[in-house]
Amino acid sequence: MANINCIKLQSHYDKIYSYFRTTCEPFDFLEWDGKVLQVWDGNALVEVYHLKEIGFMLRDK
C-alpha cells in the first residue's frame with residue numbers, strides 16, 4: 001500500500017512541478033507531502049500552499 005501512495009505523491013509532484021516551472025518565479029525546489037506544498041529558494045521558504053489551493057493542478061485533464 002505504501003508503494004501506491006509514493007506513486008500518487010510522485011504523480012502529484014510531477015504535475016505541480018511542471019505547473020510551477022512554467023508559470024511562477026524561479027525557485028530551487030518544492031516540498032510536497034500530499035497536503036502542503038512548500039516552495040523554496042535556497043534556504044528561504046518563499047511560499048506555502050495547501051491542497052485545497054492547488055488541487056486544480058492535480059486533476060486529470
# chains A, B, ... in the order shown; residues from 1 in each chain; ligands from 1

$ residues_around --residues "A:Ile16" --least-positions-apart "3" --cutoff "10 Å" --atoms "only C-alpha atoms" --output "ChimeraX atom specification"
/A:10-13,19-21,30,32,37,54-58

$ select_by_dssp --residues "chain A" --states "alpha helix (DSSP H)" --output "short mmCIF file (atom, residue, chain, number, x, y, z; two decimals) with C-alpha atoms, in the first residue's frame"
data_model
loop_
_atom_site.label_atom_id
_atom_site.label_comp_id
_atom_site.auth_asym_id
_atom_site.auth_seq_id
_atom_site.Cartn_x
_atom_site.Cartn_y
_atom_site.Cartn_z
CA ALA A 2 2.85 2.41 0.78
CA ASN A 3 4.16 2.00 -2.76
CA ILE A 4 0.83 3.18 -4.22
CA ASN A 5 0.95 6.27 -2.01
CA CYS A 6 4.51 7.01 -3.18
CA ILE A 7 3.42 6.69 -6.80
CA LYS A 8 0.48 9.03 -6.18
CA LEU A 9 2.69 11.58 -4.41
CA GLN A 10 5.22 11.43 -7.24
CA SER A 11 2.48 11.91 -9.81
CA HIS A 12 1.16 14.93 -7.89
CA TYR A 13 4.67 16.34 -7.53
CA ASP A 14 5.33 15.98 -11.26
CA LYS A 15 2.14 17.92 -12.11
CA ILE A 16 2.86 20.62 -9.53
CA TYR A 17 6.49 20.96 -10.62
CA SER A 18 5.50 21.29 -14.26
CA TYR A 19 2.95 23.97 -13.44
CA PHE A 20 5.33 25.97 -11.25
CA ARG A 21 8.23 25.75 -13.70
CA THR A 22 6.12 27.23 -16.48
CA THR A 23 4.05 29.81 -14.58
CA LEU A 51 -4.05 21.06 -1.10
CA LYS A 52 -7.31 22.98 -1.46
CA GLU A 53 -5.40 25.87 -3.08
CA ILE A 54 -3.53 23.78 -5.64
CA GLY A 55 -5.97 20.93 -6.22
CA PHE A 56 -6.78 22.24 -9.69
CA MET A 57 -3.24 21.26 -10.75
CA LEU A 58 -3.78 17.65 -9.74
#

$ select_by_dssp --residues "chain A" --states "strand (DSSP E)" --output "list in words"
Phe29, Leu30, Glu31, Trp32, Val36, Leu37, Gln38, Val39, Trp40, Asp41, Ala44, Leu45, Val46, Glu47, Val48, Tyr49 and His50 of chain A

$ write_last_selection --atoms "C-alpha atoms" --output "PDB file, in the first residue's frame"
ATOM      1  CA  PHE A  29      12.950  23.157  -5.040  1.00  0.00           C
ATOM      2  CA  LEU A  30       9.483  22.110  -3.934  1.00  0.00           C
ATOM      3  CA  GLU A  31       8.491  20.002  -0.944  1.00  0.00           C
ATOM      4  CA  TRP A  32       5.165  18.177  -1.282  1.00  0.00           C
ATOM      5  CA  VAL A  36       1.126  21.046   1.969  1.00  0.00           C
ATOM      6  CA  LEU A  37       3.412  22.383  -0.748  1.00  0.00           C
ATOM      7  CA  GLN A  38       6.422  24.438   0.236  1.00  0.00           C
ATOM      8  CA  VAL A  39       8.316  26.463  -2.363  1.00  0.00           C
ATOM      9  CA  TRP A  40      11.976  27.108  -1.512  1.00  0.00           C
ATOM     10  CA  ASP A  41      14.562  29.479  -2.946  1.00  0.00           C
ATOM     11  CA  ALA A  44      14.383  30.577   2.227  1.00  0.00           C
ATOM     12  CA  LEU A  45      10.812  29.327   2.297  1.00  0.00           C
ATOM     13  CA  VAL A  46       9.023  31.665  -0.128  1.00  0.00           C
ATOM     14  CA  GLU A  47       5.506  30.224  -0.442  1.00  0.00           C
ATOM     15  CA  VAL A  48       3.249  27.688   1.262  1.00  0.00           C
ATOM     16  CA  TYR A  49       0.139  26.258  -0.383  1.00  0.00           C
ATOM     17  CA  HIS A  50      -2.437  23.826   0.941  1.00  0.00           C
TER      18      HIS A  50
END

$ decode --residues "stretch 8-30 of chain A" --atoms "N, CA and C atoms" --output "mmCIF file, in the first residue's frame"
data_model
loop_
_atom_site.group_PDB
_atom_site.id
_atom_site.type_symbol
_atom_site.label_atom_id
_atom_site.label_comp_id
_atom_site.auth_asym_id
_atom_site.auth_seq_id
_atom_site.Cartn_x
_atom_site.Cartn_y
_atom_site.Cartn_z
ATOM 1 N N LYS A 8 1.445 7.928 -6.115
ATOM 2 C CA LYS A 8 0.481 9.030 -6.177
ATOM 3 C C LYS A 8 1.163 10.358 -5.836
ATOM 4 N N LEU A 9 1.973 10.360 -4.772
ATOM 5 C CA LEU A 9 2.692 11.578 -4.405
ATOM 6 C C LEU A 9 3.621 12.033 -5.519
ATOM 7 N N GLN A 10 4.315 11.080 -6.142
ATOM 8 C CA GLN A 10 5.224 11.426 -7.240
ATOM 9 C C GLN A 10 4.458 12.000 -8.419
ATOM 10 N N SER A 11 3.309 11.411 -8.717
ATOM 11 C CA SER A 11 2.477 11.915 -9.809
ATOM 12 C C SER A 11 2.018 13.339 -9.518
ATOM 13 N N HIS A 12 1.573 13.585 -8.289
ATOM 14 C CA HIS A 12 1.164 14.933 -7.891
ATOM 15 C C HIS A 12 2.339 15.896 -8.016
ATOM 16 N N TYR A 13 3.484 15.480 -7.490
ATOM 17 C CA TYR A 13 4.671 16.340 -7.528
ATOM 18 C C TYR A 13 5.028 16.699 -8.964
ATOM 19 N N ASP A 14 4.990 15.731 -9.857
ATOM 20 C CA ASP A 14 5.330 15.984 -11.260
ATOM 21 C C ASP A 14 4.399 17.026 -11.870
ATOM 22 N N LYS A 15 3.109 16.943 -11.586
ATOM 23 C CA LYS A 15 2.143 17.919 -12.108
ATOM 24 C C LYS A 15 2.385 19.303 -11.511
ATOM 25 N N ILE A 16 2.610 19.341 -10.208
ATOM 26 C CA ILE A 16 2.858 20.615 -9.529
ATOM 27 C C ILE A 16 4.143 21.250 -10.049
ATOM 28 N N TYR A 17 5.193 20.461 -10.148
ATOM 29 C CA TYR A 17 6.491 20.955 -10.620
ATOM 30 C C TYR A 17 6.361 21.536 -12.025
ATOM 31 N N SER A 18 5.688 20.825 -12.891
ATOM 32 C CA SER A 18 5.504 21.288 -14.259
ATOM 33 C C SER A 18 4.770 22.623 -14.281
ATOM 34 N N TYR A 19 3.721 22.732 -13.502
ATOM 35 C CA TYR A 19 2.945 23.971 -13.435
ATOM 36 C C TYR A 19 3.821 25.124 -12.931
ATOM 37 N N PHE A 20 4.520 24.908 -11.834
ATOM 38 C CA PHE A 20 5.332 25.967 -11.251
ATOM 39 C C PHE A 20 6.492 26.368 -12.148
ATOM 40 N N ARG A 21 7.110 25.434 -12.814
ATOM 41 C CA ARG A 21 8.234 25.750 -13.701
ATOM 42 C C ARG A 21 7.799 26.611 -14.876
ATOM 43 N N THR A 22 6.563 26.480 -15.302
ATOM 44 C CA THR A 22 6.117 27.228 -16.478
ATOM 45 C C THR A 22 5.325 28.486 -16.144
ATOM 46 N N THR A 23 4.915 28.667 -14.883
ATOM 47 C CA THR A 23 4.052 29.806 -14.575
ATOM 48 C C THR A 23 4.523 30.694 -13.437
ATOM 49 N N CYS A 24 5.546 30.302 -12.710
ATOM 50 C CA CYS A 24 5.922 31.029 -11.491
ATOM 51 C C CYS A 24 7.345 31.554 -11.556
ATOM 52 N N GLU A 25 7.667 32.374 -10.576
ATOM 53 C CA GLU A 25 9.021 32.883 -10.423
ATOM 54 C C GLU A 25 9.979 31.714 -10.208
ATOM 55 N N PRO A 26 11.233 31.891 -10.552
ATOM 56 C CA PRO A 26 12.211 30.820 -10.335
ATOM 57 C C PRO A 26 12.275 30.395 -8.860
ATOM 58 N N PHE A 27 12.529 29.123 -8.648
ATOM 59 C CA PHE A 27 12.667 28.567 -7.305
ATOM 60 C C PHE A 27 13.698 27.451 -7.371
ATOM 61 N N ASP A 28 14.190 27.042 -6.213
ATOM 62 C CA ASP A 28 15.191 25.974 -6.173
ATOM 63 C C ASP A 28 14.564 24.595 -6.051
ATOM 64 N N PHE A 29 13.591 24.460 -5.165
ATOM 65 C CA PHE A 29 12.950 23.157 -5.040
ATOM 66 C C PHE A 29 11.596 23.272 -4.364
ATOM 67 N N LEU A 30 10.813 22.217 -4.526
ATOM 68 C CA LEU A 30 9.483 22.110 -3.934
ATOM 69 C C LEU A 30 9.474 20.953 -2.951
#
